[in-house]
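**Q** Sharing a structure with you now.
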Amino acid sequence: MYRFLLSRQWVLLTLLALVLIPAMIELGFWQMHRHEHRVAQNTLIADNLKAEPAPVEDLTSPGHTVPRADYWRRVSATGTFDTEHEVAVRRRTNADDQVGFHVLTPLVLHDGRVLLVNRGWVPSAADQQTFPKVPAPPAGEVTVVGRLMADETTDGSGIKDLKGLPPRQTMLIDSAQQAEALGRKVLGGYVELTSPEPAKDSPELIGAPDHDSIGPHMAYAIQWWLFAAGVPVGWWILVRRERRERDQAAASAPAE
């Protein structure tokens, strides 16, 4: 009755179904893992943003790599802004997706070490070669609060670290690069400024990371598993249809 399943066409179709089922199941688990990662990251962001600011020196030091557990951790630091060595970070967007620069200003601490502070976004100048107009930070000693971030890399950000840029411009926020340029000890990572509140003409502060959305990964996982369940059902429907068509053809064939 089902000898047609041994035909080349049906053997290939059956093998394809046997390959698709575990592949779709695995894709479902991959999306589930992405969902779990997103939920864990949202929890980490929320917890670190709610925590009381810790002295930045307690969480990082020169040459230190900021671990993921400390990303977005609120920290505080007291020092004096060094505007002479301020740099502009290229190809950065604001909340309205306008392309401009991030302003990276060294904050010189009491012990002479430096903390890199990302003071926010400013629009581009008339051309990419010109240093943008950057409002001055508060003069004298100031205490800042912000979110601790790890040094940027090309692999992590997707931004190429181009060479030959105009003076005081950079592609990535990298404490090792800035330490070499400054000739001083620079704490690993950097801080996204959140306080003090900027004046009206100051750089536009970087918004807090989204930690409410969980994305579509759970829905995608369920879809893949439904597809996997649908493959054998579809295969059986095709088999039954083939059997029915063959029976009808045999019944309508003229008797010899």
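Each chain of the structure tokens is named A, B, ... in the order shown, its residues numbered from 1; ligands are numbered from 1 in display order.
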Would you kindly return, as number ranges by chain, each protein, DNA or RNA residue with an atom no farther than 8 Å from any atom of Ser124 of chain A, considering only C-alpha atoms and excluding same-chain residues fewer than 2 positions away?

**A** A: 99-101, 122, 126-128, 132

**Q** For the residues in that selection, give me N, CA and C atoms as a short mmCIF file (atom, residue, chain, number, x, y, z; two decimals), in the first residue's frame.

**A**
```cif
data_model
loop_
_atom_site.label_atom_id
_atom_site.label_comp_id
_atom_site.auth_asym_id
_atom_site.auth_seq_id
_atom_site.Cartn_x
_atom_site.Cartn_y
_atom_site.Cartn_z
N VAL A 99 23.28 62.12 13.63
CA VAL A 99 24.68 61.72 13.76
C VAL A 99 25.51 62.92 14.22
N GLY A 100 26.34 62.68 15.21
CA GLY A 100 27.23 63.73 15.71
C GLY A 100 28.39 63.11 16.46
N PHE A 101 28.74 63.69 17.60
CA PHE A 101 29.88 63.24 18.40
C PHE A 101 29.46 63.03 19.85
N VAL A 122 26.87 65.91 21.00
CA VAL A 122 26.80 67.24 20.37
C VAL A 122 26.71 67.04 18.86
N ALA A 126 30.61 71.77 10.65
CA ALA A 126 30.30 71.92 9.22
C ALA A 126 30.89 70.79 8.40
N ASP A 127 32.03 70.25 8.82
CA ASP A 127 32.62 69.12 8.12
C ASP A 127 33.24 68.18 9.16
N GLN A 128 33.56 66.97 8.73
CA GLN A 128 34.05 65.95 9.64
C GLN A 128 35.47 66.22 10.14
N PRO A 132 34.03 69.68 16.84
CA PRO A 132 32.70 70.28 17.06
C PRO A 132 32.72 71.33 18.17
#
```

**Q** Mind checking which residues fall within 7 Å of segment 67-79 of chain A, counting only C-alpha atoms, ignoring those fewer than 4 positions away in the same chain, and posting them as a PyMOL selection string?

**A** chain A and resi 45+48-49+51-56+107-110+141-150

**Q** Choose the residue, out of A:Leu44, A:Met171, A:Leu13, A:Val191, that has the smallest atom-to-atom separation from Asp212 of chain A; count only C-alpha atoms.

**A**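 Checking each candidate against Asp212 of chain A, we get A:Leu44 as the closest.
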
**Q** For a quick check of understanding, using only C-alpha atoms, which of A:Gln169, A:Asn118, A:Gln9, A:Ser175 has the smallest distance to Glu192 of chain A?

**A**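 Once distances to Glu192 of chain A are computed over only C-alpha atoms, the minimum belongs to A:Asn118.
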
**Q** Within 12 Å of segment 224-229 of chain A, which residues of segment 21-129 of chain A show up? Give each one with its shortest atom-to-atom distance in Å (one decimal) and the two atoms involved, counting only C-alpha atoms, rows by chain then rising residue number, as a Markdown table.

**A**
```
| residue | atom | partner | partner_atom | distance |
| --- | --- | --- | --- | --- |
| A:Ile21 | CA | A:Ala228 | CA | 4.8 |
| A:Pro22 | CA | A:Ala228 | CA | 7.4 |
| A:Ala23 | CA | A:Ala228 | CA | 8.2 |
| A:Met24 | CA | A:Trp224 | CA | 5.4 |
| A:Ile25 | CA | A:Trp225 | CA | 5.5 |
| A:Glu26 | CA | A:Trp224 | CA | 8.5 |
| A:Leu27 | CA | A:Trp224 | CA | 6.5 |
| A:Gly28 | CA | A:Trp224 | CA | 5.0 |
| A:Phe29 | CA | A:Trp225 | CA | 8.7 |
| A:Trp30 | CA | A:Trp224 | CA | 9.9 |
| A:Gln31 | CA | A:Trp224 | CA | 8.8 |
| A:Met32 | CA | A:Trp224 | CA | 10.3 |
```

**Q** Between A:Thr65, A:Glu86, A:Gln129, A:Val39, which residue has the minimum interatomic distance to Met218 of chain A, considering only C-alpha atoms?

**A** A:Val39

**Q** Go through A:Pro166, A:Pro203, A:Gly189, A:Pro106 and flag the residue nearest Ala136 of chain A, using only C-alpha atoms for the distances.

**A**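 That would be A:Pro203, the residue with the smallest distance to Ala136 of chain A.
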
**Q** Name all residues at most 8 Å from Asp161 of chain A (count only C-alpha atoms; drop same-chain ones fewer than 3 positions away) and give them as number ranges by chain.

**A** A: 154, 170-172
